[in-house]
Amino acid sequence: MSELLVCPDPISASEWCLQQRQAGQSIGLVPTMGALHEGHLTLVDQAVAENDVCVVSIFVNPLQFNDARDFDAYPRDIKDDCRMLAERGCDMVFTGTLQQFFPGADTVEDINLLEPGPYAEGLEGEHRAGHFAGVRTIVDRLFTTTQPDRAYFGEKDFQQTLVVKDLAQHLGFPEIRVCPIQREDNGLAMSSRNQRLTVEQRQQAGGIYQALLAAQQSWQTGERQPDRLQDVMLRILKDHPLEIEYAGVRDPEQWTAQVPTGSMQRAQALIAARIGDVRLIDNLRLHGD
Ligand code: AMP
């Protein structure tokens with residue numbers, strides 16, 4: 001097991017990263033909100049494999065929660081997180097308070113949020129007001145703190161990967177690496193929030209993946225109309241006790257806030273649903289390579 005350095009604040013993390021860069025070491029950053037699971041850890045594995053040093057940030061970012069209860073209920077277990085990170089060969093993990101990440105800010109209201117950009121329109125952006133401005137603002141701060149060569153994000157948060165790629169393009173760094181979704185045996189996308197589901201709810205939440213697979217099958221048999229692909233998903237979802245926020249398709253290369261019109265050339269199917277008071281998201285690429 002490698003030695004894991006724990007930096008308690010962004011300043012010490014920034015200094016450590018500077019020393020690494022001065023020593024010619026490439027840095028891979030994995031931003032997380034902790035409560036780590038195998039989904040996060042596959043990002044860590046890839047960062048370890050592709051860089052001289054792997055850095056993980058753990059910060060439950062209040063800027064990206066539009067629901068205070070969700071923020072309060074978000075699971076936190078830094079000790080267990082550090083144990084897993086050490087096992088997977090991570091070199092440094094850092095955390096910090098809101099005030100440490102944004103000096104001079106006493107509350108969330110004191111922080112100047114970045115414009116989230118065009119990919120924040122629609123779906124998650126529509127259902128979680130302010131979410132992507134909060135994401136872009138903290139990811140920008142994490143990038144400037146660590147100055148990584150590469151940063152790793154999960155495809156599970158598909159729209160987030162588009163927002164973050166747009167940010168990296170504006171900054172001129174880092175290279176964004178998008179990693180595949182890790183799933184439970186029944187297809188449910190792994191998520192820190194799954195901890196809050198009962199065994200029965202976990203089974204029921206598997207319906208989200210079944211709906212995505214049905215849309216993919218429909219695509220494979222020639223369906224290209226966005227509203228019909230959406231109907232295929234809704235037909236499956238209605239048989240599960242899920243409260244659907246959205247089930248839709250978008251062209252991942254020509255992002256639109258609204259449902260695209262006409263026949264599609266490429267499609268990503270995306271779903272957000274609640275089960276009990278837990279909000280889950282998932283997505284699947286429908287087109288082939
Ligand atoms: P979070 O801690 O939820 O902010 O997630 C941190 C990173 O891990 C994000 O880039 C997520 O997309 C990614 N991630 C979360 N769950 C999964 C999963 N099941 N498979 C792959 N990546 C994931």
# chains A, B, ... in the order shown; residues from 1 in each chain; ligands from 1

call {"tool": "residues_near_ligand", "arguments": {"ligand": "ligand 1", "cutoff": "6 Å", "atoms": "only C-alpha atoms and all ligand atoms", "output": "ChimeraX atom specification"}}
result
/A:31-34,39-40,153-157,180-183,189-191

call {"tool": "write_last_selection", "arguments": {"atoms": "all heavy atoms", "output": "tab-separated table (two decimals), in the first residue's frame"}}
result
chain	number	residue	atom	x	y	z
A	31	PRO	N	-11.84	14.93	-8.71
A	31	PRO	CA	-12.70	15.67	-7.78
A	31	PRO	C	-13.86	14.80	-7.30
A	31	PRO	O	-14.53	14.16	-8.11
A	31	PRO	CB	-13.24	16.83	-8.62
A	31	PRO	CG	-12.37	16.89	-9.83
A	31	PRO	CD	-11.93	15.47	-10.07
A	32	THR	N	-14.10	14.78	-6.00
A	32	THR	CA	-15.22	13.99	-5.46
A	32	THR	C	-15.87	14.74	-4.29
A	32	THR	O	-15.29	15.70	-3.75
A	32	THR	CB	-14.78	12.61	-4.90
A	32	THR	OG1	-14.25	12.79	-3.57
A	32	THR	CG2	-13.75	11.93	-5.77
A	33	MET	N	-17.02	14.21	-3.89
A	33	MET	CA	-17.66	14.71	-2.67
A	33	MET	C	-17.58	13.65	-1.58
A	33	MET	O	-18.32	13.70	-0.59
A	33	MET	CB	-19.11	15.09	-2.95
A	33	MET	CG	-19.21	16.22	-3.97
A	33	MET	SD	-20.76	17.10	-3.93
A	33	MET	CE	-21.89	15.82	-4.38
A	34	GLY	N	-16.69	12.67	-1.74
A	34	GLY	CA	-16.47	11.66	-0.70
A	34	GLY	C	-17.55	10.59	-0.68
A	34	GLY	O	-18.29	10.42	-1.65
A	39	GLY	N	-17.37	3.27	-8.10
A	39	GLY	CA	-17.43	4.23	-9.21
A	39	GLY	C	-16.31	5.26	-9.11
A	39	GLY	O	-15.57	5.49	-10.07
A	40	HIS	N	-16.17	5.87	-7.92
A	40	HIS	CA	-15.08	6.83	-7.72
A	40	HIS	C	-13.72	6.14	-7.89
A	40	HIS	O	-12.79	6.71	-8.45
A	40	HIS	CB	-15.10	7.39	-6.29
A	40	HIS	CG	-16.34	8.15	-5.93
A	40	HIS	ND1	-17.27	7.67	-5.04
A	40	HIS	CD2	-16.78	9.37	-6.30
A	40	HIS	CE1	-18.23	8.55	-4.88
A	40	HIS	NE2	-17.97	9.60	-5.64
A	153	PHE	N	-13.48	12.46	-14.61
A	153	PHE	CA	-14.90	12.61	-14.26
A	153	PHE	C	-15.65	11.39	-14.76
A	153	PHE	O	-15.26	10.76	-15.75
A	153	PHE	CB	-15.47	13.88	-14.92
A	153	PHE	CG	-14.89	15.14	-14.33
A	153	PHE	CD1	-13.71	15.66	-14.82
A	153	PHE	CD2	-15.50	15.77	-13.27
A	153	PHE	CE1	-13.14	16.80	-14.27
A	153	PHE	CE2	-14.96	16.92	-12.71
A	153	PHE	CZ	-13.77	17.43	-13.21
A	154	GLY	N	-16.74	11.05	-14.07
A	154	GLY	CA	-17.53	9.87	-14.44
A	154	GLY	C	-18.61	10.25	-15.44
A	154	GLY	O	-19.25	11.30	-15.33
A	155	GLU	N	-18.84	9.34	-16.39
A	155	GLU	CA	-19.90	9.56	-17.38
A	155	GLU	C	-21.27	9.55	-16.72
A	155	GLU	O	-22.25	10.00	-17.29
A	155	GLU	CB	-19.81	8.48	-18.46
A	155	GLU	CG	-20.69	8.77	-19.65
A	155	GLU	CD	-20.27	8.03	-20.90
A	155	GLU	OE1	-19.94	6.84	-20.79
A	155	GLU	OE2	-20.28	8.67	-21.96
A	156	LYS	N	-21.33	9.01	-15.49
A	156	LYS	CA	-22.61	8.99	-14.76
A	156	LYS	C	-23.23	10.39	-14.72
A	156	LYS	O	-24.43	10.56	-14.87
A	156	LYS	CB	-22.39	8.49	-13.34
A	156	LYS	CG	-23.52	8.84	-12.43
A	156	LYS	CD	-23.67	7.87	-11.33
A	156	LYS	CE	-24.85	8.25	-10.50
A	156	LYS	NZ	-24.65	9.54	-9.83
A	157	ASP	N	-22.37	11.41	-14.50
A	157	ASP	CA	-22.87	12.79	-14.50
A	157	ASP	C	-22.59	13.37	-15.88
A	157	ASP	O	-21.70	14.20	-16.07
A	157	ASP	CB	-22.15	13.58	-13.40
A	157	ASP	CG	-22.47	13.02	-12.02
A	157	ASP	OD1	-23.47	13.43	-11.44
A	157	ASP	OD2	-21.73	12.13	-11.56
A	180	PRO	N	-16.15	5.31	-17.70
A	180	PRO	CA	-17.46	4.65	-17.79
A	180	PRO	C	-18.18	4.50	-16.46
A	180	PRO	O	-17.56	4.48	-15.40
A	180	PRO	CB	-17.13	3.26	-18.37
A	180	PRO	CG	-15.67	3.16	-18.48
A	180	PRO	CD	-15.04	4.46	-18.10
A	181	ILE	N	-19.49	4.36	-16.54
A	181	ILE	CA	-20.34	4.23	-15.34
A	181	ILE	C	-20.18	2.84	-14.72
A	181	ILE	O	-20.28	1.84	-15.42
A	181	ILE	CB	-21.83	4.44	-15.71
A	181	ILE	CG1	-22.03	5.80	-16.39
A	181	ILE	CG2	-22.73	4.28	-14.49
A	181	ILE	CD1	-23.45	6.05	-16.89
A	182	GLN	N	-19.95	2.80	-13.43
A	182	GLN	CA	-19.91	1.53	-12.70
A	182	GLN	C	-21.29	1.28	-12.11
A	182	GLN	O	-21.91	2.21	-11.57
A	182	GLN	CB	-18.87	1.59	-11.57
A	182	GLN	CG	-17.47	1.92	-12.05
A	182	GLN	CD	-16.94	0.92	-13.05
A	182	GLN	OE1	-16.97	-0.29	-12.82
A	182	GLN	NE2	-16.48	1.41	-14.20
A	183	ARG	N	-21.74	0.04	-12.23
A	183	ARG	CA	-23.12	-0.29	-11.84
A	183	ARG	C	-23.18	-1.41	-10.82
A	183	ARG	O	-22.28	-2.24	-10.76
A	183	ARG	CB	-23.91	-0.73	-13.09
A	183	ARG	CG	-23.96	0.34	-14.15
A	183	ARG	CD	-24.76	-0.08	-15.37
A	183	ARG	NE	-24.82	1.05	-16.31
A	183	ARG	CZ	-25.62	2.10	-16.17
A	183	ARG	NH1	-26.47	2.12	-15.18
A	183	ARG	NH2	-25.59	3.10	-17.03
A	189	ALA	N	-26.85	2.52	-11.30
A	189	ALA	CA	-25.56	3.22	-11.30
A	189	ALA	C	-25.10	3.44	-9.86
A	189	ALA	O	-25.89	3.89	-9.03
A	189	ALA	CB	-25.70	4.55	-12.03
A	190	MET	N	-23.85	3.12	-9.58
A	190	MET	CA	-23.35	3.34	-8.22
A	190	MET	C	-23.39	4.83	-7.90
A	190	MET	O	-23.10	5.66	-8.76
A	190	MET	CB	-21.92	2.84	-8.10
A	190	MET	CG	-21.84	1.35	-8.13
A	190	MET	SD	-20.14	0.81	-7.90
A	190	MET	CE	-20.39	-0.95	-7.96
A	191	SER	N	-23.75	5.14	-6.67
A	191	SER	CA	-23.83	6.53	-6.24
A	191	SER	C	-23.72	6.57	-4.72
A	191	SER	O	-24.18	5.64	-4.04
A	191	SER	CB	-25.20	7.11	-6.65
A	191	SER	OG	-25.46	8.29	-5.95

call {"tool": "select_by_dssp", "arguments": {"residues": "region 77-215 of chain A", "states": "strand (DSSP E or B)", "output": "list in words"}}
result
Met92, Val93, Phe94, Arg150, Ala151, Tyr152, Phe153, Gly154, Glu175, Ile176, Arg177, Val178, Cys179, Arg183 and Ala189 of chain A

call {"tool": "residues_around", "arguments": {"residues": "Val139 (chain A)", "least_positions_apart": "6", "cutoff": "10 Å", "atoms": "only C-alpha atoms", "output": "ChimeraX atom specification"}}
result
/A:31,61,133,145,151,164,167-168

call {"tool": "select_by_dssp", "arguments": {"residues": "region 50-241 of chain A", "states": "alpha helix (DSSP H)", "output": "number ranges by chain"}}
result
A: 50, 68-73, 78-87, 98-101, 124-127, 131-146, 158-171, 199-205, 207-220, 226-237

call {"tool": "write_last_selection", "arguments": {"atoms": "C-alpha atoms", "output": "mmCIF file, in the first residue's frame"}}
result
data_model
loop_
_atom_site.group_PDB
_atom_site.id
_atom_site.type_symbol
_atom_site.label_atom_id
_atom_site.label_comp_id
_atom_site.auth_asym_id
_atom_site.auth_seq_id
_atom_site.Cartn_x
_atom_site.Cartn_y
_atom_site.Cartn_z
ATOM 1 C CA GLU A 50 -1.926 7.651 -16.369
ATOM 2 C CA ALA A 68 -30.519 22.018 1.767
ATOM 3 C CA ARG A 69 -31.954 18.716 3.012
ATOM 4 C CA ASP A 70 -30.027 16.818 0.326
ATOM 5 C CA PHE A 71 -26.835 18.625 1.412
ATOM 6 C CA ASP A 72 -27.424 17.785 5.084
ATOM 7 C CA ALA A 73 -28.274 14.138 4.340
ATOM 8 C CA ILE A 78 -13.542 10.702 5.439
ATOM 9 C CA LYS A 79 -11.741 8.012 7.459
ATOM 10 C CA ASP A 80 -13.089 5.192 5.341
ATOM 11 C CA ASP A 81 -12.472 7.259 2.187
ATOM 12 C CA CYS A 82 -8.780 7.664 3.104
ATOM 13 C CA ARG A 83 -8.432 3.939 3.746
ATOM 14 C CA MET A 84 -9.815 3.116 0.288
ATOM 15 C CA LEU A 85 -7.690 5.774 -1.413
ATOM 16 C CA ALA A 86 -4.510 4.439 0.207
ATOM 17 C CA GLU A 87 -5.401 0.924 -0.978
ATOM 18 C CA LEU A 98 -15.989 26.718 2.176
ATOM 19 C CA GLN A 99 -14.011 29.613 3.700
ATOM 20 C CA GLN A 100 -10.708 27.915 2.840
ATOM 21 C CA PHE A 101 -11.730 27.319 -0.768
ATOM 22 C CA GLU A 124 -30.199 18.780 -14.790
ATOM 23 C CA GLY A 125 -29.790 22.519 -15.294
ATOM 24 C CA GLU A 126 -33.541 22.973 -15.489
ATOM 25 C CA HIS A 127 -34.375 20.690 -12.555
ATOM 26 C CA HIS A 131 -26.406 23.448 -9.758
ATOM 27 C CA PHE A 132 -24.002 23.825 -12.678
ATOM 28 C CA ALA A 133 -22.903 27.318 -11.683
ATOM 29 C CA GLY A 134 -21.903 25.749 -8.355
ATOM 30 C CA VAL A 135 -20.171 22.843 -10.088
ATOM 31 C CA ARG A 136 -18.258 25.077 -12.492
ATOM 32 C CA THR A 137 -17.189 27.431 -9.704
ATOM 33 C CA ILE A 138 -15.779 24.695 -7.454
ATOM 34 C CA VAL A 139 -14.173 22.718 -10.300
ATOM 35 C CA ASP A 140 -12.486 25.915 -11.503
ATOM 36 C CA ARG A 141 -11.154 26.406 -7.946
ATOM 37 C CA LEU A 142 -9.951 22.781 -7.758
ATOM 38 C CA PHE A 143 -8.184 23.111 -11.121
ATOM 39 C CA THR A 144 -6.420 26.337 -10.153
ATOM 40 C CA THR A 145 -5.480 24.867 -6.749
ATOM 41 C CA THR A 146 -3.875 21.703 -8.111
ATOM 42 C CA PHE A 158 -23.031 13.152 -18.263
ATOM 43 C CA GLN A 159 -24.128 16.789 -18.468
ATOM 44 C CA GLN A 160 -21.487 17.697 -15.874
ATOM 45 C CA THR A 161 -18.772 16.270 -18.145
ATOM 46 C CA LEU A 162 -19.903 18.677 -20.881
ATOM 47 C CA VAL A 163 -19.868 21.658 -18.491
ATOM 48 C CA VAL A 164 -16.405 20.708 -17.211
ATOM 49 C CA LYS A 165 -14.971 20.151 -20.714
ATOM 50 C CA ASP A 166 -16.218 23.623 -21.627
ATOM 51 C CA LEU A 167 -14.474 25.048 -18.527
ATOM 52 C CA ALA A 168 -11.204 23.255 -19.377
ATOM 53 C CA GLN A 169 -11.382 24.578 -22.915
ATOM 54 C CA HIS A 170 -11.708 28.129 -21.563
ATOM 55 C CA LEU A 171 -8.854 27.663 -19.075
ATOM 56 C CA VAL A 199 -32.748 -3.132 -0.147
ATOM 57 C CA GLU A 200 -36.187 -3.024 -1.738
ATOM 58 C CA GLN A 201 -35.681 0.509 -3.095
ATOM 59 C CA ARG A 202 -32.342 -0.524 -4.632
ATOM 60 C CA GLN A 203 -34.130 -3.300 -6.518
ATOM 61 C CA GLN A 204 -36.861 -0.923 -7.658
ATOM 62 C CA ALA A 205 -34.312 1.695 -8.750
ATOM 63 C CA GLY A 207 -35.900 0.135 -13.375
ATOM 64 C CA ILE A 208 -33.956 3.238 -14.420
ATOM 65 C CA TYR A 209 -31.324 1.145 -16.174
ATOM 66 C CA GLN A 210 -33.991 -1.120 -17.685
ATOM 67 C CA ALA A 211 -35.615 1.954 -19.219
ATOM 68 C CA LEU A 212 -32.279 3.125 -20.649
ATOM 69 C CA LEU A 213 -31.623 -0.341 -22.097
ATOM 70 C CA ALA A 214 -35.083 -0.387 -23.670
ATOM 71 C CA ALA A 215 -34.308 2.935 -25.391
ATOM 72 C CA GLN A 216 -31.017 1.488 -26.619
ATOM 73 C CA GLN A 217 -32.775 -1.584 -28.007
ATOM 74 C CA SER A 218 -35.271 0.639 -29.723
ATOM 75 C CA TRP A 219 -32.416 2.670 -31.252
ATOM 76 C CA GLN A 220 -30.749 -0.549 -32.407
ATOM 77 C CA PRO A 226 -36.635 11.586 -29.790
ATOM 78 C CA ASP A 227 -40.224 11.612 -28.555
ATOM 79 C CA ARG A 228 -40.661 7.899 -29.342
ATOM 80 C CA LEU A 229 -37.387 7.008 -27.603
ATOM 81 C CA GLN A 230 -38.644 8.978 -24.622
ATOM 82 C CA ASP A 231 -41.961 7.101 -24.660
ATOM 83 C CA VAL A 232 -40.123 3.769 -24.636
ATOM 84 C CA MET A 233 -38.374 4.826 -21.401
ATOM 85 C CA LEU A 234 -41.528 6.181 -19.792
ATOM 86 C CA ARG A 235 -43.399 2.932 -20.510
ATOM 87 C CA ILE A 236 -40.814 0.964 -18.500
ATOM 88 C CA LEU A 237 -40.506 3.562 -15.746
#

call {"tool": "closest_atom_pairs", "arguments": {"of": "region 91-182 of chain A", "to": "region 253-274 of chain A", "cutoff": "7 Å", "atoms": "only C-alpha atoms", "output": "JSON lines"}}
result
{"residue": "A:Tyr119", "atom": "CA", "partner": "A:Trp255", "partner_atom": "CA", "distance": 6.5}
{"residue": "A:Glu121", "atom": "CA", "partner": "A:Ala257", "partner_atom": "CA", "distance": 4.8}
{"residue": "A:Gly122", "atom": "CA", "partner": "A:Ala257", "partner_atom": "CA", "distance": 4.0}

call {"tool": "residues_around", "arguments": {"residues": "Gly24 (chain A)", "least_positions_apart": "4", "cutoff": "12 Å", "atoms": "only C-alpha atoms", "output": "tab-separated table (two decimals) with all heavy atoms, in the first residue's frame"}}
result
chain	number	residue	atom	x	y	z
A	17	CYS	N	1.27	20.21	-4.63
A	17	CYS	CA	1.17	20.03	-6.09
A	17	CYS	C	2.26	20.83	-6.80
A	17	CYS	O	2.85	20.35	-7.79
A	17	CYS	CB	-0.21	20.44	-6.60
A	17	CYS	SG	-1.51	19.29	-6.10
A	18	LEU	N	2.53	22.03	-6.30
A	18	LEU	CA	3.60	22.86	-6.91
A	18	LEU	C	4.94	22.12	-6.83
A	18	LEU	O	5.69	22.07	-7.82
A	18	LEU	CB	3.67	24.21	-6.19
A	18	LEU	CG	4.74	25.18	-6.69
A	18	LEU	CD1	4.52	25.54	-8.16
A	18	LEU	CD2	4.74	26.47	-5.84
A	19	GLN	N	5.21	21.54	-5.67
A	19	GLN	CA	6.48	20.77	-5.51
A	19	GLN	C	6.53	19.62	-6.52
A	19	GLN	O	7.57	19.34	-7.10
A	19	GLN	CB	6.58	20.18	-4.10
A	19	GLN	CG	6.91	21.19	-3.03
A	19	GLN	CD	6.66	20.60	-1.63
A	19	GLN	OE1	6.42	19.40	-1.48
A	19	GLN	NE2	6.70	21.46	-0.64
A	20	GLN	N	5.40	18.95	-6.71
A	20	GLN	CA	5.38	17.84	-7.67
A	20	GLN	C	5.67	18.34	-9.08
A	20	GLN	O	6.47	17.74	-9.80
A	20	GLN	CB	4.01	17.13	-7.65
A	20	GLN	CG	3.58	16.61	-6.32
A	20	GLN	CD	4.60	15.69	-5.68
A	20	GLN	OE1	5.11	14.77	-6.33
A	20	GLN	NE2	4.95	15.95	-4.44
A	51	ASN	N	-0.78	8.94	-14.62
A	51	ASN	CA	-0.04	10.11	-14.12
A	51	ASN	C	1.03	9.68	-13.13
A	51	ASN	O	0.94	8.60	-12.53
A	51	ASN	CB	-1.00	11.09	-13.43
A	51	ASN	CG	-2.09	11.56	-14.37
A	51	ASN	OD1	-1.91	12.50	-15.12
A	51	ASN	ND2	-3.23	10.86	-14.37
A	52	ASP	N	2.00	10.56	-12.90
A	52	ASP	CA	3.02	10.25	-11.89
A	52	ASP	C	2.42	10.29	-10.49
A	52	ASP	O	2.76	9.48	-9.64
A	52	ASP	CB	4.18	11.25	-11.99
A	52	ASP	CG	4.92	11.11	-13.31
A	52	ASP	OD1	5.10	9.96	-13.77
A	52	ASP	OD2	5.28	12.15	-13.90
A	53	VAL	N	1.54	11.27	-10.26
A	53	VAL	CA	0.87	11.32	-8.95
A	53	VAL	C	-0.64	11.50	-9.14
A	53	VAL	O	-1.09	12.15	-10.08
A	53	VAL	CB	1.41	12.45	-8.02
A	53	VAL	CG1	2.85	12.19	-7.64
A	53	VAL	CG2	1.24	13.81	-8.62
A	149	ASP	N	-2.52	17.94	-14.83
A	149	ASP	CA	-2.37	17.68	-16.26
A	149	ASP	C	-3.66	17.08	-16.80
A	149	ASP	O	-4.06	17.36	-17.93
A	149	ASP	CB	-1.22	16.68	-16.49
A	149	ASP	CG	0.10	17.27	-16.04
A	149	ASP	OD1	0.73	17.95	-16.86
A	149	ASP	OD2	0.47	17.09	-14.86

call {"tool": "residues_around", "arguments": {"residues": "Arg88 (chain A)", "least_positions_apart": "4", "cutoff": "12 Å", "atoms": "only C-alpha atoms", "output": "tab-separated table (two decimals) with N, CA, C and O atoms, in the first residue's frame"}}
result
chain	number	residue	atom	x	y	z
A	1	MET	N	0.85	-1.20	0.00
A	1	MET	CA	0.00	0.00	0.00
A	1	MET	C	0.88	1.25	0.00
A	1	MET	O	1.83	1.32	0.77
A	2	SER	N	0.55	2.24	-0.87
A	2	SER	CA	1.40	3.44	-0.91
A	2	SER	C	1.02	4.38	0.24
A	2	SER	O	-0.06	4.29	0.82
A	3	GLU	N	1.95	5.27	0.55
A	3	GLU	CA	1.72	6.25	1.61
A	3	GLU	C	0.75	7.31	1.09
A	3	GLU	O	0.95	7.86	0.01
A	4	LEU	N	-0.33	7.57	1.82
A	4	LEU	CA	-1.29	8.60	1.40
A	4	LEU	C	-1.09	9.85	2.24
A	4	LEU	O	-1.18	9.79	3.47
A	36	LEU	N	-16.92	7.45	-0.77
A	36	LEU	CA	-16.41	6.83	-1.99
A	36	LEU	C	-16.93	5.41	-2.18
A	36	LEU	O	-17.14	4.68	-1.22
A	37	HIS	N	-17.12	5.06	-3.43
A	37	HIS	CA	-17.54	3.69	-3.81
A	37	HIS	C	-16.73	3.31	-5.05
A	37	HIS	O	-15.90	4.09	-5.53
A	38	GLU	N	-17.04	2.14	-5.58
A	38	GLU	CA	-16.25	1.60	-6.69
A	38	GLU	C	-16.28	2.53	-7.93
A	38	GLU	O	-15.32	2.58	-8.69
A	40	HIS	N	-16.17	5.87	-7.92
A	40	HIS	CA	-15.08	6.83	-7.72
A	40	HIS	C	-13.72	6.14	-7.89
A	40	HIS	O	-12.79	6.71	-8.45
A	41	LEU	N	-13.64	4.92	-7.35
A	41	LEU	CA	-12.32	4.27	-7.27
A	41	LEU	C	-11.81	3.85	-8.64
A	41	LEU	O	-10.59	3.77	-8.85
A	42	THR	N	-12.71	3.64	-9.60
A	42	THR	CA	-12.22	3.35	-10.96
A	42	THR	C	-11.62	4.62	-11.59
A	42	THR	O	-10.71	4.53	-12.40
A	43	LEU	N	-12.14	5.78	-11.21
A	43	LEU	CA	-11.52	7.04	-11.68
A	43	LEU	C	-10.12	7.16	-11.08
A	43	LEU	O	-9.17	7.57	-11.76
A	44	VAL	N	-10.01	6.79	-9.80
A	44	VAL	CA	-8.70	6.85	-9.12
A	44	VAL	C	-7.73	5.88	-9.81
A	44	VAL	O	-6.58	6.25	-10.10
A	45	ASP	N	-8.20	4.67	-10.12
A	45	ASP	CA	-7.32	3.69	-10.78
A	45	ASP	C	-6.78	4.28	-12.09
A	45	ASP	O	-5.60	4.14	-12.40
A	46	GLN	N	-7.66	4.91	-12.85
A	46	GLN	CA	-7.22	5.45	-14.14
A	46	GLN	C	-6.23	6.62	-13.95
A	46	GLN	O	-5.24	6.73	-14.66
A	47	ALA	N	-6.51	7.45	-12.94
A	47	ALA	CA	-5.60	8.58	-12.66
A	47	ALA	C	-4.23	8.07	-12.21
A	47	ALA	O	-3.19	8.61	-12.59
A	48	VAL	N	-4.23	7.01	-11.40
A	48	VAL	CA	-2.96	6.42	-10.93
A	48	VAL	C	-2.19	5.86	-12.13
A	48	VAL	O	-0.98	6.06	-12.26
A	49	ALA	N	-2.91	5.21	-13.03
A	49	ALA	CA	-2.24	4.56	-14.17
A	49	ALA	C	-1.67	5.57	-15.16
A	49	ALA	O	-0.64	5.30	-15.79
A	54	CYS	N	-1.38	10.90	-8.21
A	54	CYS	CA	-2.85	10.99	-8.23
A	54	CYS	C	-3.32	11.78	-7.02
A	54	CYS	O	-2.94	11.46	-5.89
A	55	VAL	N	-4.13	12.79	-7.28
A	55	VAL	CA	-4.67	13.64	-6.22
A	55	VAL	C	-6.19	13.52	-6.23
A	55	VAL	O	-6.81	13.56	-7.29
A	56	VAL	N	-6.79	13.37	-5.05
A	56	VAL	CA	-8.25	13.32	-4.93
A	56	VAL	C	-8.70	14.46	-4.02
A	56	VAL	O	-8.08	14.69	-2.97
A	81	ASP	N	-12.92	6.80	3.52
A	81	ASP	CA	-12.47	7.26	2.19
A	81	ASP	C	-10.95	7.18	2.09
A	81	ASP	O	-10.41	6.69	1.10
A	82	CYS	N	-10.26	7.65	3.13
A	82	CYS	CA	-8.78	7.66	3.10
A	82	CYS	C	-8.23	6.24	3.06
A	82	CYS	O	-7.26	5.97	2.35
A	83	ARG	N	-8.89	5.34	3.77
A	83	ARG	CA	-8.43	3.94	3.75
A	83	ARG	C	-8.51	3.39	2.32
A	83	ARG	O	-7.57	2.81	1.80
A	84	MET	N	-9.64	3.63	1.66
A	84	MET	CA	-9.81	3.12	0.29
A	84	MET	C	-8.82	3.77	-0.67
A	84	MET	O	-8.26	3.11	-1.54
A	92	MET	N	-2.23	11.76	-2.76
A	92	MET	CA	-2.61	12.86	-1.86
A	92	MET	C	-4.12	13.08	-1.93
A	92	MET	O	-4.71	13.04	-3.01

call {"tool": "atom_distance", "arguments": {"atom1": "CA of Gln22 (chain A)", "atom2": "CA of Phe102 (chain A)"}}
result
25.4 Å

call {"tool": "atom_distance", "arguments": {"atom1": "CA of Leu29 (chain A)", "atom2": "CA of Thr97 (chain A)"}}
result
18.7 Å
